[in-house]
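Before any comments, here is the structure.
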Amino acid sequence: MKKKHLLHRTIIIVVVTLVGLYLVIGPRRRPTLQDFTWSGIKATMKSNIHLGLDLQGGSHLVMRVKTDEYLKRLTDEANVAAQNAAKDAGLEIKEGKAETTGNRYRVVLEAADASKVSQIKEAIEKKVELGDTSVWGYSASGAQLSWTMASSAQNRLSEEATQQALTIIDRRINALGVTEPTLQRHGAQSAHQILLQVPGVSDPERVKDVLKGESPLELVHVVGPPSPSPFTTYPTKEAAIQSLGGSIPANREVLPYHERTDTAADSDQANQQKISYVVVELPAIITGDQVRTAHAGQSQGGGINDFEINFSLKKGGAEKFGAWTGANINEYMGVVLNGEVRSIAFIKSQIFESGQITGRFSQSQAEDLALTLRSGALPAPIEYLEERTVGPSLGSDSIRAGVRASLYGLAFVVFFMLIYYRGSGVNAVVALALNMILMLAGLIVFGATLTLPGIAGIILTIGMAVDSNVLIFERIREEIRAGKTIPSAVDQGFSRAFITIIDTHVTTIISSLFLFVFGTGPIRGFAVTLVIGLLVNLFSAVYVSKTIFIWLLTRKEKVESLSI
């Protein structure tokens, strides 16, 4: 029975070891013999293990979203739109201005005829966002009308602009093809600052150029037969141009469309996309600055895996969109971002201020499309508060010093374990080597970025791995001194030390989770490597180490002594 139990444990250890070893040194493609030479292994490990900015070098940028200019622009636009709305209603405005000094954002209009103030208010709030009482507070005095942005609305709009900028920057920085960039909020929430670290890109100006680019969002008419016929796509851009007679007219444009696979489940297949081309009509129906909000929700009439996108428009866009959708029932409409059609849906009914984009969307697809609708061009300008380049020489020095420290620490620990615990020290060394392999494999599986603090976490994990073995070995020694047989001493040693090991590991993991949640980039890197190392250690120091002892004890019928 023991031999059968030992065989099961051995198979598990061998499989886990081989999988972990391949994750570390195996290529992410069909391997060749060259991949398993020393140079091939180094190249593969460099590709598999993502290095952070402090090790690889790159660009470090701290930027501030100029939310004050964003609120000023909203106020200026509201002022112009209000005067136009009054003019369209045949009501005369003597004077109009936008006050944007300090933290005060206010639209002030003076009516030519004080008796028509209420009519002017009604005409303006019917077409302009000034009617939104969650943002603007209205007051009147004589012939003067004024709308003042509430402080709570200023805070909310500023926060939304910062989050939207964060999303758009994330989209744009991916165009650089950077592995594991760090993008997160920086400083106090009220500072509206963003930290961007781009490993491997040593030219901050290149990064800034990418962030400058405009990415307008547009809702456009997709040319083709109406529903229930499917919308028209073409396999190539040339085929789409040929459908237009060989040249593109001024009121048409050919755009790529990333066609989703026909699945509602959140799976890898759902993320597979086929590129085709569609013909769209110019100009756009409305642009992204007319979208107030958009969010994903479960379809009312669909299955539990079917989602839709609910969106609402600003009043100026709602009027234009309502006129177009009313005249184009069953026609297809496309969502365009960055020159690509992200989604196509047909118009079921006339849509004014709010509507739904339905289809067999999975949850992730619906959330991505809602995010696309909310995103678009940067809502506010950004200014750079800090920028610096970390050279690759610093990264090389850091890697060299960290690796050297790890190797010296590992060598000293191995030497100590072999001298002090003799034969059982070999057991600890095997478990320690496996711990290192599986820890690197864990970093790769979770897509973690290895930083200099992360290397410190690895070194600390080496110490804790040895500490676990020391606890077990000392407990076994105590049981042997108490007169227990060798098999009984080993079994009791592992059983009684296990509770202590669990306690120390769980408390350290909880502390590391707090570091990860509340810490910044480097501290989070330390926490990630430490947690992965501790979880791996429970397998290597306890399960693997005990399996080795079981193997030693099953080699003889009766074991009289143990080298420990």
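Chain identifiers are assigned as A, B, and so on, following the order in which chains appear in the structure tokens; residues are numbered from 1 within each chain, and ligands are numbered from 1 in order of appearance.
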Among the residues of region 191-233 of chain A, find those DSSP assigns to alpha helix (DSSP H) from the backbone and print them as a PyMOL selection string. chain A and resi 204-212
Would you list the contacts of region 136-139 of chain A as number ranges by chain, taking every protein, DNA or RNA residue within 7 Å and counting only C-alpha atoms, but skipping same-chain residues closer than 6 positions in sequence? A: 130, 145-150
Could you jot down the CA of Ala433 (chain A) to CA of Gly457 (chain A) separation for me, Å, one decimal place?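 Atom-to-atom, CA of Ala433 (chain A) and CA of Gly457 (chain A) are spaced 16.1 Å apart.
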Which of A:Ser158, A:Glu281, A:Ile11, A:Thr451 sits closest to Asp54 (chain A) [using only C-alpha atoms]: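 That would be A:Thr451, the residue with the smallest distance to Asp54 (chain A).
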How would you write, as an mmCIF file with N, CA and C atoms, in the first residue's frame, the set of residues in region 20-166 of chain A that DSSP gives as strand (DSSP E or B)?
```
data_model
loop_
_atom_site.group_PDB
_atom_site.id
_atom_site.type_symbol
_atom_site.label_atom_id
_atom_site.label_comp_id
_atom_site.auth_asym_id
_atom_site.auth_seq_id
_atom_site.Cartn_x
_atom_site.Cartn_y
_atom_site.Cartn_z
ATOM 1 N N HIS A 50 8.868 38.422 -17.854
ATOM 2 C CA HIS A 50 8.754 39.848 -18.139
ATOM 3 C C HIS A 50 9.507 40.646 -17.083
ATOM 4 N N LEU A 51 10.429 41.476 -17.521
ATOM 5 C CA LEU A 51 11.209 42.306 -16.611
ATOM 6 C C LEU A 51 10.588 43.686 -16.490
ATOM 7 N N GLY A 58 13.791 51.727 -19.604
ATOM 8 C CA GLY A 58 12.638 52.211 -20.353
ATOM 9 C C GLY A 58 12.300 53.632 -19.967
ATOM 10 N N SER A 59 11.035 54.000 -20.141
ATOM 11 C CA SER A 59 10.583 55.367 -19.911
ATOM 12 C C SER A 59 9.638 55.424 -18.721
ATOM 13 N N HIS A 60 9.789 56.493 -17.945
ATOM 14 C CA HIS A 60 8.968 56.714 -16.758
ATOM 15 C C HIS A 60 8.321 58.090 -16.905
ATOM 16 N N LEU A 61 6.983 58.139 -16.910
ATOM 17 C CA LEU A 61 6.265 59.394 -17.100
ATOM 18 C C LEU A 61 5.208 59.548 -16.017
ATOM 19 N N VAL A 62 5.147 60.733 -15.439
ATOM 20 C CA VAL A 62 4.051 61.093 -14.545
ATOM 21 C C VAL A 62 3.309 62.254 -15.198
ATOM 22 N N MET A 63 2.023 62.098 -15.422
ATOM 23 C CA MET A 63 1.249 63.121 -16.121
ATOM 24 C C MET A 63 0.011 63.502 -15.309
ATOM 25 N N ARG A 64 -0.469 64.700 -15.553
ATOM 26 C CA ARG A 64 -1.683 65.181 -14.880
ATOM 27 C C ARG A 64 -2.750 65.473 -15.913
ATOM 28 N N VAL A 65 -3.939 64.974 -15.643
ATOM 29 C CA VAL A 65 -5.078 65.292 -16.500
ATOM 30 C C VAL A 65 -5.569 66.687 -16.110
ATOM 31 N N ILE A 93 -31.019 87.030 -27.117
ATOM 32 C CA ILE A 93 -30.114 87.108 -25.977
ATOM 33 C C ILE A 93 -29.258 88.364 -26.141
ATOM 34 N N LYS A 94 -29.335 89.254 -25.151
ATOM 35 C CA LYS A 94 -28.576 90.500 -25.228
ATOM 36 C C LYS A 94 -27.085 90.255 -25.036
ATOM 37 N N GLU A 95 -26.761 89.388 -24.089
ATOM 38 C CA GLU A 95 -25.355 89.091 -23.792
ATOM 39 C C GLU A 95 -25.251 87.703 -23.184
ATOM 40 N N GLY A 96 -24.185 87.007 -23.502
ATOM 41 C CA GLY A 96 -23.943 85.689 -22.925
ATOM 42 C C GLY A 96 -22.470 85.487 -22.658
ATOM 43 N N LYS A 97 -22.155 84.839 -21.551
ATOM 44 C CA LYS A 97 -20.739 84.608 -21.226
ATOM 45 C C LYS A 97 -20.596 83.364 -20.348
ATOM 46 N N ALA A 98 -19.381 82.804 -20.395
ATOM 47 C CA ALA A 98 -19.033 81.665 -19.543
ATOM 48 C C ALA A 98 -18.002 82.138 -18.527
ATOM 49 N N GLU A 99 -18.311 82.007 -17.244
ATOM 50 C CA GLU A 99 -17.392 82.394 -16.180
ATOM 51 C C GLU A 99 -16.655 81.148 -15.692
ATOM 52 N N ARG A 106 -19.666 78.727 -14.612
ATOM 53 C CA ARG A 106 -21.013 79.304 -14.655
ATOM 54 C C ARG A 106 -21.316 79.835 -16.043
ATOM 55 N N VAL A 107 -22.550 79.630 -16.487
ATOM 56 C CA VAL A 107 -23.057 80.186 -17.745
ATOM 57 C C VAL A 107 -24.058 81.285 -17.393
ATOM 58 N N VAL A 108 -23.810 82.486 -17.901
ATOM 59 C CA VAL A 108 -24.674 83.624 -17.589
ATOM 60 C C VAL A 108 -25.204 84.221 -18.896
ATOM 61 N N LEU A 109 -26.516 84.324 -19.004
ATOM 62 C CA LEU A 109 -27.161 84.926 -20.173
ATOM 63 C C LEU A 109 -28.047 86.087 -19.722
ATOM 64 N N GLU A 110 -28.088 87.104 -20.539
ATOM 65 C CA GLU A 110 -28.984 88.230 -20.257
ATOM 66 C C GLU A 110 -29.975 88.351 -21.403
ATOM 67 N N ALA A 111 -31.251 88.221 -21.062
ATOM 68 C CA ALA A 111 -32.306 88.277 -22.077
ATOM 69 C C ALA A 111 -32.566 89.721 -22.493
ATOM 70 N N TRP A 136 -25.948 71.069 -13.127
ATOM 71 C CA TRP A 136 -26.116 72.520 -13.143
ATOM 72 C C TRP A 136 -27.249 72.947 -12.204
ATOM 73 N N GLY A 137 -26.969 74.011 -11.468
ATOM 74 C CA GLY A 137 -28.002 74.634 -10.640
ATOM 75 C C GLY A 137 -28.452 75.935 -11.285
ATOM 76 N N TYR A 138 -29.765 76.128 -11.413
ATOM 77 C CA TYR A 138 -30.297 77.294 -12.137
ATOM 78 C C TYR A 138 -30.746 78.381 -11.161
ATOM 79 N N SER A 139 -30.535 79.626 -11.582
ATOM 80 C CA SER A 139 -31.061 80.764 -10.831
ATOM 81 C C SER A 139 -31.345 81.895 -11.818
ATOM 82 N N ALA A 140 -32.240 82.798 -11.452
ATOM 83 C CA ALA A 140 -32.598 83.927 -12.327
ATOM 84 C C ALA A 140 -32.771 85.177 -11.491
ATOM 85 N N SER A 141 -32.418 86.299 -12.086
ATOM 86 C CA SER A 141 -32.573 87.590 -11.422
ATOM 87 C C SER A 141 -32.864 88.641 -12.490
ATOM 88 N N GLN A 144 -31.604 88.290 -16.137
ATOM 89 C CA GLN A 144 -30.400 87.442 -16.168
ATOM 90 C C GLN A 144 -30.724 85.997 -15.781
ATOM 91 N N LEU A 145 -30.214 85.068 -16.586
ATOM 92 C CA LEU A 145 -30.333 83.630 -16.298
ATOM 93 C C LEU A 145 -28.929 83.096 -16.059
ATOM 94 N N SER A 146 -28.783 82.236 -15.090
ATOM 95 C CA SER A 146 -27.450 81.666 -14.842
ATOM 96 C C SER A 146 -27.568 80.202 -14.426
ATOM 97 N N TRP A 147 -26.599 79.436 -14.876
ATOM 98 C CA TRP A 147 -26.472 78.023 -14.499
ATOM 99 C C TRP A 147 -25.072 77.818 -13.917
ATOM 100 N N THR A 148 -25.000 77.291 -12.715
ATOM 101 C CA THR A 148 -23.716 77.104 -12.023
ATOM 102 C C THR A 148 -23.458 75.617 -11.805
ATOM 103 N N MET A 149 -22.255 75.181 -12.145
ATOM 104 C CA MET A 149 -21.897 73.774 -11.959
ATOM 105 C C MET A 149 -21.657 73.500 -10.479
#
```
Nearest to Thr101 (chain A), chosen from A:Lys72, A:Arg475, A:Lys87, A:Arg30, with only C-alpha atoms counted in the distances: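 Among the listed residues, the smallest separation from Thr101 (chain A) belongs to A:Lys72.
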Give me the residues within 12 Å of Val16 (chain A) as a PDB file with C-alpha atoms, in the first residue's frame, counting only C-alpha atoms and dropping any in the same chain fewer than 6 places off.
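Result file part_15.pdb:
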```
ATOM      1  CA  ARG A   9       3.085  11.044  -5.032  1.00  0.00           C
ATOM      2  CA  THR A  10       6.093  10.521  -7.318  1.00  0.00           C
ATOM      3  CA  TYR A  22       8.894  23.730 -19.507  1.00  0.00           C
ATOM      4  CA  LEU A  23       7.064  26.893 -18.486  1.00  0.00           C
ATOM      5  CA  LEU A 434      12.166  22.676  -7.095  1.00  0.00           C
ATOM      6  CA  ASN A 435      10.898  25.699  -5.183  1.00  0.00           C
ATOM      7  CA  ILE A 437      11.736  26.398 -10.621  1.00  0.00           C
ATOM      8  CA  LEU A 438       8.074  26.444  -9.637  1.00  0.00           C
ATOM      9  CA  MET A 439       8.298  30.023  -8.356  1.00  0.00           C
ATOM     10  CA  ALA A 441       6.870  29.161 -13.443  1.00  0.00           C
ATOM     11  CA  GLY A 442       4.259  30.819 -11.222  1.00  0.00           C
ATOM     12  CA  VAL A 536       4.981  26.888  -3.940  1.00  0.00           C
ATOM     13  CA  PHE A 539       4.230  21.976  -1.995  1.00  0.00           C
ATOM     14  CA  SER A 540       8.017  21.662  -2.165  1.00  0.00           C
ATOM     15  CA  TYR A 543       4.816  17.376   0.034  1.00  0.00           C
ATOM     16  CA  VAL A 544       8.051  16.799  -1.891  1.00  0.00           C
TER      17      VAL A 544
END
```
Contacts of Ala370 (chain A) within 12 Å, only C-alpha atoms, excl. fewer than 5 positions in-chain, as a PyMOL selection string: chain A and resi 288+291-297+307-312+335+342-343+356-358+361+363-365+375-376
Contact residues around region 329-331 of chain A with only C-alpha atoms at 7 Å, ignoring same-chain residues under 3 positions, as a list in words: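 Those residues are Pro226, Ser227, Thr325, Gly326, Phe346, Ile347, Lys348 and Ser349 of chain A.
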Could you please take those selected residues and save N, CA and C atoms as a JSON list (two decimals), in the first residue's frame?
```json
[["chain", "number", "residue", "atom", "x", "y", "z"],
["A", 226, "PRO", "N", -30.77, 46.61, -46.02],
["A", 226, "PRO", "CA", -31.22, 46.67, -44.63],
["A", 226, "PRO", "C", -31.49, 45.29, -44.05],
["A", 227, "SER", "N", -31.68, 45.24, -42.74],
["A", 227, "SER", "CA", -32.08, 44.01, -42.07],
["A", 227, "SER", "C", -33.48, 43.62, -42.57],
["A", 325, "THR", "N", -32.09, 58.08, -37.10],
["A", 325, "THR", "CA", -32.64, 56.73, -36.86],
["A", 325, "THR", "C", -34.10, 56.63, -37.28],
["A", 326, "GLY", "N", -34.86, 57.74, -37.13],
["A", 326, "GLY", "CA", -36.26, 57.70, -37.54],
["A", 326, "GLY", "C", -36.41, 57.51, -39.03],
["A", 346, "PHE", "N", -28.25, 46.86, -36.29],
["A", 346, "PHE", "CA", -29.27, 47.51, -37.12],
["A", 346, "PHE", "C", -30.24, 48.31, -36.24],
["A", 347, "ILE", "N", -30.86, 49.31, -36.82],
["A", 347, "ILE", "CA", -31.77, 50.21, -36.11],
["A", 347, "ILE", "C", -33.16, 49.58, -36.06],
["A", 348, "LYS", "N", -33.61, 49.24, -34.86],
["A", 348, "LYS", "CA", -34.94, 48.64, -34.70],
["A", 348, "LYS", "C", -36.04, 49.69, -34.67],
["A", 349, "SER", "N", -35.73, 50.84, -34.04],
["A", 349, "SER", "CA", -36.74, 51.89, -33.91],
["A", 349, "SER", "C", -36.02, 53.22, -33.74]]
```
Of the residues A:Leu450, A:Val429, A:Val506, A:Val222, which is the one nearest to Ala541 (chain A), using only C-alpha atoms?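 Smallest separation from Ala541 (chain A) among the options: A:Val429.
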Just want the 10 Å neighbourhood of Gln492 (chain A), counted on only C-alpha atoms, with same-chain residues fewer than 6 positions away dropped. Output as a list in words.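 Within the cut-off, the hits are Ile472, Arg475, Ile476, Glu478, Glu479, Ile480, Lys484, Ile486 and Phe498 of chain A.
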With C-alpha atoms retained, export the selected residues as a CSV table (one decimal), in the first residue's frame.
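Result went into part-v8.csv, see below:
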```csv
chain,number,residue,atom,x,y,z
A,472,ILE,CA,10.4,19.8,10.1
A,475,ARG,CA,10.8,18.2,15.1
A,476,ILE,CA,11.9,14.8,13.7
A,478,GLU,CA,12.9,15.7,18.9
A,479,GLU,CA,10.7,12.7,18.2
A,480,ILE,CA,13.8,10.5,17.7
A,484,LYS,CA,10.1,7.0,18.7
A,486,ILE,CA,12.4,6.4,12.6
A,498,PHE,CA,2.8,21.4,9.5
```
Of the candidates A:Gly447, A:Gly493, A:Gly102, A:Gly187, which shows the shortest atom-to-atom distance to Val542 (chain A), using only C-alpha atoms?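 The answer is A:Gly493, which sits nearest to Val542 (chain A).
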